[in-house]
2 protein chains.
Amino acid sequence: MSSEVMAMLQRQGSRAKAAAAELAALCTDTKNEALNHMADRLEAERDSIVRANAIDLEQGAANGLTSALLERLTLNDGRIAGMAQSLREIAALPDPIGEIVYSSRRPNGLDIYKVRSPIGVIGIIYESRPNVTADAAGLCLKAGNAVILRGGEEALNSNRAISSIIIGAAREKGVPEGAIQLIDSPDRGAVIGLMKMNEYLDLLIPRGGKGLKQVVQANATVPLVMTGMGNCHIYLDEFADFDKAMAITMNAKVQRPSVCNAAETLLVHAAAADRLLPPIAQALAAAGVELRGCERCRALVPSMLEATEEDWDTEYLELIMAVKTVDSLEGAIGHIRRYGTGHSEAIVSEHYGNVQEFLRRIDAAAVYANASTRFTDGGEFGLGAEMGISTQKLHARGPMGLAELTSARYIIYGQGQVR
Amino acid sequence: MSSEVMAMLQRQGSRAKAAAAELAALCTDTKNEALNHMADRLEAERDSIVRANAIDLEQGAANGLTSALLERLTLNDGRIAGMAQSLREIAALPDPIGEIVYSSRRPNGLDIYKVRSPIGVIGIIYESRPNVTADAAGLCLKAGNAVILRGGEEALNSNRAISSIIIGAAREKGVPEGAIQLIDSPDRGAVIGLMKMNEYLDLLIPRGGKGLKQVVQANATVPLVMTGMGNCHIYLDEFADFDKAMAITMNAKVQRPSVCNAAETLLVHAAAADRLLPPIAQALAAAGVELRGCERCRALVPSMLEATEEDWDTEYLELIMAVKTVDSLEGAIGHIRRYGTGHSEAIVSEHYGNVQEFLRRIDAAAVYANASTRFTDGGEFGLGAEMGISTQKLHARGPMGLAELTSARYIIYGQGQVR
């Protein structure tokens with residue numbers, strides 16, 4: 001990292017910390033007015049966003065980005081309206097700050113309240129989709145946190161346009177200077193720098209896959225919550241209902257393969273493989289899914305490619321699925337324990353005991369009986385907008401909504417009590 | 001760290017991880033029977049504990065430990081009964097595992113439950129007081145976690161005796177092998193090794209002061225919760241009631257100066273210094289407290305020593321107190337923001353607005369109006385036994401009881417739902 005970038009990060013961190021102290025005391029009306037105004041300004045200035053986005057798209061095409069990545073990078077009127085809508089929904093959510101999450105009047109007369117409070121300064125590292133810039137800024141603002149955003153280099157012009165509009169709109173409604181900031185540099189050293197800003201950062205949220213996780217584990221010294229890594233499994237039990245098995249497998253793999261709660265591996269009980277695998281494999285193939293199977297699967301469905309060890313460990317995020325037969329529920333649980341990333345895992349079964357054992361013994365953020373892993377989402381869970389899906393065990397697990405962007409303080413009212 | 005110690009840590013980590021998977025499914029009755037049996041065996045074998053402790057005390061005296069440290073290291077029949085009592089109290093607490101902390105029946109018929117679940121493997125680093133060995137093991141067992149304990153070298157014989165008794169008792173009642181382990185080596189490299197055991201450790205809890213925190217920040221790569229650092233302040237506002245100011249200051253400094261929730265610095269509003277400081281300083285001095293004051297304080301109480309910059313930053317943990325006058329509430333808040341460790345902070349004031357502003361703007365685990373900081377404690381807050389006081393913002397803040405030793409999973413019951 002150049003010393004220039006380091007100096008820039010230090011300045012940004014220091015401004016964010018100063019803003020955080022003011023944000024904590026900002027009243028809900030002010031935050032909501034700012035969020036709605038940010039939404040209005042995004043829509044009013046959509047042309048400048050689309051123009052900035054066109055530069056990113058042109059450079060991306062020249063740099064050989066895949067069509068899938070270019071598609072995720074694209075902003076148009078509909079997507080800008082979606083960002084605005086998302087900010088208005090965040091404005092409409094209840095303010096988490098000030099909520100009493102525990103209270104006790106003690107025998108000595110002390111009144112003890114545990115009160116939701118902001119975390120402070122949050123850093124967010126994300127890729128390609130520029131709508132995250134607005135969503136993340138909105139969620140952090142509503143929870144009273146300052147935010148430092150670091151989007152992908154390929155979206156820098158789009159992120160610049162979006163952030164400059166929402167920062168201006170927030171300031172106009174009384175949000176303190178420094179509350180929302182973009183790291184405006186394509187220098188990759190800034191990502192590493194952000195991971196070491198212990199003096200200023202209270203929380204870092206890296207959103208991404210295995211590559212980002214490895215960089216984070218090797219470099220980060222700040223407190224963090226990893227989000228977005230999902231090597232998810234569907235296990236078709238010996239006692240799986242055929243229609244449910246078909247519908248859930250198809251939905252989990254095909255409906256939106258590029259997201260972290262899509263399924264990557266299908267496990268099938270050996271005693272049900274004859275019955276379930278050929279028709280489901282046929283439907284998957286018809287939907288364009290490339291199947292990579294174990295030996296026993298390929299004996300049943302010869303058109304499958306051969307799976308290697310690496311397939312069990314891969315989050316494809318595209319229309320590819322690994323398939324494996326297991327000899328028992330125990331075998332399915334063992335496979336998931338070994339290869340799963342602790343995101344979302346599902347069993348399809350009509351057997352009470354097998355379902356209960358799967359739900360008890362699988363240690364993941366979301367464990368499903370007879371439903372698609374695609375439901376792991378803040379909105380689908382009834383939590384409102386979210387920042388991503390945490391696959392770690394501390395602080396936040398599963399969808400990170402507003403509550404997961406807060407800390408708490410104990411406030412104690414006394415009348416002179418001593419011990 | 002020697003390769004021998006590293007190999008030992010690896011073996012212990014691997015055994016703990018295997019035990020954690022079984023512990024998660026252990027029923028409450030088994031855990032409670034084990035806890036009560038551990039308590040019985042500690043009392044039955046108290047002589048062997050006292051003999052082991054005598055070796056530590058002898059070596060400690062030979063190595064020049066202070067009398068305060070030797071006192072904390074000492075085990076006698078009363079303290080062993082205290083450990084047993086503490087285990088029985090943990091047995092009597094409700095099992096946190098399985099508690100539903102959020103639930104929602106969705107419009108599509110999905111039933112979504114967020115269920116408290118164990119964290120997995122917890123490492124604990126602590127010093128001198130050997131009773132922590134039993135307390136920490138008991139709390140982790142009740143919350144369904146495997147634990148790896150690393151006490152101070154000076155208490156190794158005592159910790160060996162205690163852990164061998166409780167491990168044996170737990171095994172007799174069906175707790176899996178490896179659920180409770182002691183790092184049985186005086187090698188300090190083992191502490192650093194524990195901080196890097198990402199493969200096995202889900203959470204590390206370091207209990208200690210500034211020195212340990214610095215080692216942790218420089219070395220730890222595992223998720224962690226720091227506990228036990230408290231540079232706590234009492235602020236006597238312009239509108240402080242004299243009797244409350246006297247009682248709270250005395251209690252917070254004198255009642256038990258060696259603990260993290262004791263006060264270290266007294267801040268006094270300049271307009272009240274004449275009225276409050278001379279009598280309170282006299283009472284503190286009479287109780288054996290050495291006072292170190294700013295210039296204005298020393299003009300009022302000439303017997304005070306001169307405070308240096310370092311005093312504002314020091315957690316004395318003994319009968320020494322720094323004293324400073326401030327010109328305003330703002331000055332007190334500024335001082336606490338700069339020097340506080342985010343543990344416990346108190347205002348003494350009868351002024352509604354000043355109290356509210358202090359409670360809103362001080363960012364600490366516990367913020368008090370008109371009560372002693374000494375109340376920051378799991379038992380005093382009505383939370384039951386605790387593992388220490390967290391001064392960090394993520395996962396757990398304030399007293400870490402059983403709930404803070406758990407994670408959560410979403411369990412979803414469906415009937416074939418897809419998106």
# chains A, B, ... in the order shown; residues from 1 in each chain; ligands from 1
$ residues_around --residues "range 365-373 of chain A" --least-positions-apart "3" --cutoff "8 Å" --atoms "only C-alpha atoms" --output "JSON, numbers by chain"
{"A": [232, 234, 244, 248, 249, 251, 252, 261, 262, 263, 342, 343, 344, 345, 346, 347, 348, 349, 355, 359, 362, 376, 390, 391, 392, 397, 398], "B": [408, 409, 410, 411, 412, 413, 414, 415, 416, 417, 418, 419]}
$ write_last_selection --atoms "N, CA, C and O atoms" --output "compact mmCIF listing (two decimals), in the first residue's frame"
# COMPACT_ATOMS: atom_id res chain seq x y z
N CYS A 232 -23.74 -24.84 -0.11
CA CYS A 232 -24.98 -25.36 0.49
C CYS A 232 -25.35 -26.72 -0.12
O CYS A 232 -25.10 -26.97 -1.30
N ILE A 234 -28.33 -30.00 -0.53
CA ILE A 234 -29.68 -30.56 -0.38
C ILE A 234 -29.49 -32.06 -0.16
O ILE A 234 -28.84 -32.73 -0.98
N LYS A 244 -41.59 -33.10 -3.49
CA LYS A 244 -40.82 -32.11 -2.72
C LYS A 244 -39.35 -32.17 -3.10
O LYS A 244 -38.69 -31.13 -3.25
N ILE A 248 -37.70 -28.80 -4.59
CA ILE A 248 -36.69 -28.13 -3.75
C ILE A 248 -35.32 -28.16 -4.42
O ILE A 248 -34.60 -27.15 -4.45
N THR A 249 -34.95 -29.30 -4.99
CA THR A 249 -33.65 -29.38 -5.67
C THR A 249 -33.59 -28.40 -6.84
O THR A 249 -32.62 -27.66 -7.01
N ASN A 251 -35.41 -25.71 -7.39
CA ASN A 251 -35.43 -24.31 -6.94
C ASN A 251 -34.08 -23.89 -6.36
O ASN A 251 -33.58 -22.81 -6.68
N ALA A 252 -33.50 -24.75 -5.53
CA ALA A 252 -32.26 -24.38 -4.84
C ALA A 252 -31.10 -24.24 -5.83
O ALA A 252 -30.18 -23.45 -5.61
N ASN A 261 -27.03 -18.49 -1.19
CA ASN A 261 -27.93 -19.50 -0.63
C ASN A 261 -28.43 -20.51 -1.68
O ASN A 261 -29.29 -21.34 -1.38
N ALA A 262 -27.89 -20.46 -2.89
CA ALA A 262 -28.19 -21.50 -3.89
C ALA A 262 -27.43 -22.78 -3.51
O ALA A 262 -26.39 -22.71 -2.87
N ALA A 263 -27.98 -23.94 -3.90
CA ALA A 263 -27.34 -25.21 -3.54
C ALA A 263 -26.24 -25.54 -4.53
O ALA A 263 -26.32 -25.22 -5.72
N GLY A 342 -21.26 -23.77 6.59
CA GLY A 342 -22.08 -23.30 7.69
C GLY A 342 -23.10 -22.27 7.27
O GLY A 342 -23.51 -21.43 8.07
N HIS A 343 -23.52 -22.30 6.01
CA HIS A 343 -24.50 -21.31 5.52
C HIS A 343 -25.91 -21.91 5.63
O HIS A 343 -26.59 -21.74 6.63
N SER A 344 -26.36 -22.65 4.60
CA SER A 344 -27.72 -23.19 4.58
C SER A 344 -27.69 -24.64 4.13
O SER A 344 -27.04 -24.97 3.14
N GLU A 345 -28.38 -25.52 4.86
CA GLU A 345 -28.38 -26.95 4.56
C GLU A 345 -29.81 -27.45 4.68
O GLU A 345 -30.53 -27.04 5.59
N ALA A 346 -30.21 -28.36 3.77
CA ALA A 346 -31.60 -28.82 3.80
C ALA A 346 -31.71 -30.33 3.72
O ALA A 346 -30.93 -30.99 3.02
N ILE A 347 -32.66 -30.89 4.44
CA ILE A 347 -33.03 -32.30 4.31
C ILE A 347 -34.43 -32.35 3.70
O ILE A 347 -35.30 -31.53 4.05
N VAL A 348 -34.64 -33.29 2.76
CA VAL A 348 -35.99 -33.57 2.27
C VAL A 348 -36.33 -34.97 2.76
O VAL A 348 -35.65 -35.94 2.40
N SER A 349 -37.32 -35.08 3.64
CA SER A 349 -37.66 -36.38 4.23
C SER A 349 -39.02 -36.31 4.89
O SER A 349 -39.42 -35.26 5.41
N VAL A 355 -35.51 -36.26 10.21
CA VAL A 355 -35.58 -34.79 10.14
C VAL A 355 -35.04 -34.18 11.44
O VAL A 355 -34.20 -33.28 11.42
N LEU A 359 -31.79 -31.68 11.84
CA LEU A 359 -31.94 -30.33 12.37
C LEU A 359 -31.08 -30.11 13.62
O LEU A 359 -30.55 -29.03 13.85
N ILE A 362 -26.81 -30.62 12.42
CA ILE A 362 -26.12 -29.79 11.43
C ILE A 362 -25.89 -28.40 12.02
O ILE A 362 -26.83 -27.72 12.42
N THR A 376 -32.90 -18.37 2.77
CA THR A 376 -32.03 -17.70 3.75
C THR A 376 -31.77 -16.26 3.30
O THR A 376 -30.91 -15.99 2.47
N SER A 390 -24.30 -13.88 7.54
CA SER A 390 -23.11 -14.24 8.31
C SER A 390 -23.00 -15.75 8.45
O SER A 390 -23.97 -16.42 8.80
N THR A 391 -21.81 -16.27 8.18
CA THR A 391 -21.56 -17.70 8.38
C THR A 391 -20.65 -17.92 9.58
O THR A 391 -20.05 -18.96 9.72
N GLN A 392 -20.55 -16.92 10.44
CA GLN A 392 -19.74 -17.15 11.63
C GLN A 392 -20.63 -17.27 12.85
O GLN A 392 -21.82 -17.01 12.79
N ARG A 397 -25.33 -14.42 13.27
CA ARG A 397 -25.34 -15.63 12.45
C ARG A 397 -26.59 -15.58 11.58
O ARG A 397 -27.66 -15.25 12.05
N GLY A 398 -26.42 -15.89 10.29
CA GLY A 398 -27.54 -15.79 9.37
C GLY A 398 -27.69 -14.36 8.87
O GLY A 398 -26.72 -13.59 8.88
N ALA B 408 -26.39 -19.02 17.75
CA ALA B 408 -27.77 -19.36 17.42
C ALA B 408 -27.79 -19.96 16.02
O ALA B 408 -26.87 -19.74 15.23
N ARG B 409 -28.81 -20.77 15.74
CA ARG B 409 -29.02 -21.27 14.38
C ARG B 409 -30.46 -21.00 14.02
O ARG B 409 -31.34 -21.04 14.89
N TYR B 410 -30.73 -20.77 12.74
CA TYR B 410 -32.11 -20.72 12.28
C TYR B 410 -32.52 -22.14 11.88
O TYR B 410 -31.83 -22.79 11.08
N ILE B 411 -33.64 -22.60 12.44
CA ILE B 411 -34.21 -23.90 12.09
C ILE B 411 -35.51 -23.60 11.35
O ILE B 411 -36.34 -22.84 11.86
N ILE B 412 -35.69 -24.18 10.15
CA ILE B 412 -36.85 -23.85 9.34
C ILE B 412 -37.63 -25.12 8.99
O ILE B 412 -37.07 -26.05 8.41
N TYR B 413 -38.91 -25.12 9.38
CA TYR B 413 -39.79 -26.25 9.07
C TYR B 413 -40.64 -25.91 7.85
O TYR B 413 -41.41 -24.94 7.88
N GLY B 414 -40.52 -26.71 6.80
CA GLY B 414 -41.31 -26.45 5.60
C GLY B 414 -42.17 -27.64 5.21
O GLY B 414 -42.12 -28.70 5.85
N GLN B 415 -42.97 -27.47 4.18
CA GLN B 415 -43.77 -28.54 3.60
C GLN B 415 -43.56 -28.55 2.09
O GLN B 415 -44.48 -28.75 1.31
N GLY B 416 -42.33 -28.30 1.68
CA GLY B 416 -42.02 -28.32 0.27
C GLY B 416 -41.90 -26.93 -0.36
O GLY B 416 -41.84 -26.82 -1.59
N GLN B 417 -41.84 -25.89 0.45
CA GLN B 417 -41.80 -24.51 -0.08
C GLN B 417 -40.56 -24.24 -0.94
O GLN B 417 -39.47 -24.68 -0.64
N VAL B 418 -40.79 -23.48 -2.01
CA VAL B 418 -39.70 -22.99 -2.87
C VAL B 418 -39.96 -21.51 -3.17
O VAL B 418 -41.06 -21.02 -2.99
N ARG B 419 -38.92 -20.82 -3.61
CA ARG B 419 -39.06 -19.40 -3.99
C ARG B 419 -39.39 -19.27 -5.46
O ARG B 419 -38.89 -20.05 -6.26
$ select_by_dssp --residues "range 154-392 of chain B" --states "strand (DSSP E)" --output "ChimeraX atom specification"
/B:180-182,203-206,232-236,263-269,290-293,305-306,320-326,344-348,366-371,389-390
$ atom_distance --atom1 "CA of Tyr316 in chain A" --atom2 "CA of Met229 in chain A"
10.9 Å
$ closest_residue --among "A:Ile55, A:Ala396, A:Ala273, A:Val121" --to "chain B" --atoms "only C-alpha atoms"
A:Ala396
$ select_by_dssp --residues "range 10-241 of chain A" --states "alpha helix (DSSP H)" --output "PyMOL selection string"
chain A and resi 10-23+28-44+46-62+67-73+77-92+131-142+156-172+189-194+210-219
$ atom_distance --atom1 "CA of Leu35 in chain B" --atom2 "CA of Ala170 in chain B"
7.2 Å
$ residues_around --residues "Asn76 in chain A" --least-positions-apart "2" --cutoff "10 Å" --atoms "only C-alpha atoms" --output "PyMOL selection string"
chain A and resi 46-47+49-51+53-54+74+78-82
$ write_last_selection --atoms "C-alpha atoms" --output "PDB file, in the first residue's frame"
ATOM      1  CA  ARG A  46     -30.342   8.758 -12.348  1.00  0.00           C
ATOM      2  CA  ASP A  47     -28.883  10.012 -15.629  1.00  0.00           C
ATOM      3  CA  ILE A  49     -25.441   7.415 -12.426  1.00  0.00           C
ATOM      4  CA  VAL A  50     -26.166   5.677 -15.715  1.00  0.00           C
ATOM      5  CA  ARG A  51     -23.439   7.730 -17.439  1.00  0.00           C
ATOM      6  CA  ASN A  53     -21.975   3.186 -14.991  1.00  0.00           C
ATOM      7  CA  ALA A  54     -21.492   3.214 -18.770  1.00  0.00           C
ATOM      8  CA  THR A  74     -25.161  -2.879 -14.926  1.00  0.00           C
ATOM      9  CA  GLY A  78     -35.203  -0.008 -12.891  1.00  0.00           C
ATOM     10  CA  ARG A  79     -32.222  -0.860 -10.739  1.00  0.00           C
ATOM     11  CA  ILE A  80     -31.796   2.743  -9.593  1.00  0.00           C
ATOM     12  CA  ALA A  81     -35.488   2.788  -8.633  1.00  0.00           C
ATOM     13  CA  GLY A  82     -34.774  -0.442  -6.729  1.00  0.00           C
TER      14      GLY A  82
END
$ closest_residue --among "B:Gly340, B:Pro94, B:Gly353, B:Gly382" --to "chain A" --atoms "only C-alpha atoms"
B:Gly382
$ closest_atom_pairs --of "range 187-302 of chain A" --to "range 144-151 of chain A" --cutoff "12 Å" --atoms "only C-alpha atoms" --output "CSV"
residue,atom,partner,partner_atom,distance
A:Asp187,CA,A:Arg150,CA,10.6
A:Arg188,CA,A:Arg150,CA,9.9
A:Gly189,CA,A:Arg150,CA,11.4
A:Ala190,CA,A:Arg150,CA,8.4
A:Val191,CA,A:Arg150,CA,7.3
A:Ile192,CA,A:Arg150,CA,10.9
A:Gly193,CA,A:Arg150,CA,11.1
A:Leu194,CA,A:Arg150,CA,8.8
A:Met195,CA,A:Arg150,CA,11.2
A:Met197,CA,A:Ile148,CA,11.3
A:Tyr200,CA,A:Ile148,CA,10.4
A:Leu201,CA,A:Ile148,CA,9.0
A:Asp202,CA,A:Asn145,CA,9.7
A:Leu203,CA,A:Val147,CA,9.7
A:Leu204,CA,A:Ile148,CA,9.3
A:Ile205,CA,A:Leu149,CA,9.9
A:Pro206,CA,A:Arg150,CA,9.5
A:Arg207,CA,A:Gly151,CA,9.9
A:Gly208,CA,A:Gly151,CA,11.2
$ atom_distance --atom1 "CA of Pro279 in chain B" --atom2 "CA of Gly293 in chain B"
14.7 Å
$ closest_residue --among "B:Ala322, B:Leu402, B:Ala19, B:Ala34" --to "Ile180 in chain B" --atoms "only C-alpha atoms"
B:Ala19
$ closest_residue --among "B:Val115, B:Ala68, B:Ala179, B:Ala134" --to "Leu26 in chain B" --atoms "only C-alpha atoms"
B:Ala179
$ closest_residue --among "A:Ala364, A:Met38, A:Cys260, A:Leu305" --to "chain B" --atoms "only C-alpha atoms"
A:Ala364
$ closest_residue --among "A:Gly228, A:Gly138, A:Gly378, A:Gly64" --to "chain B" --atoms "only C-alpha atoms"
A:Gly378
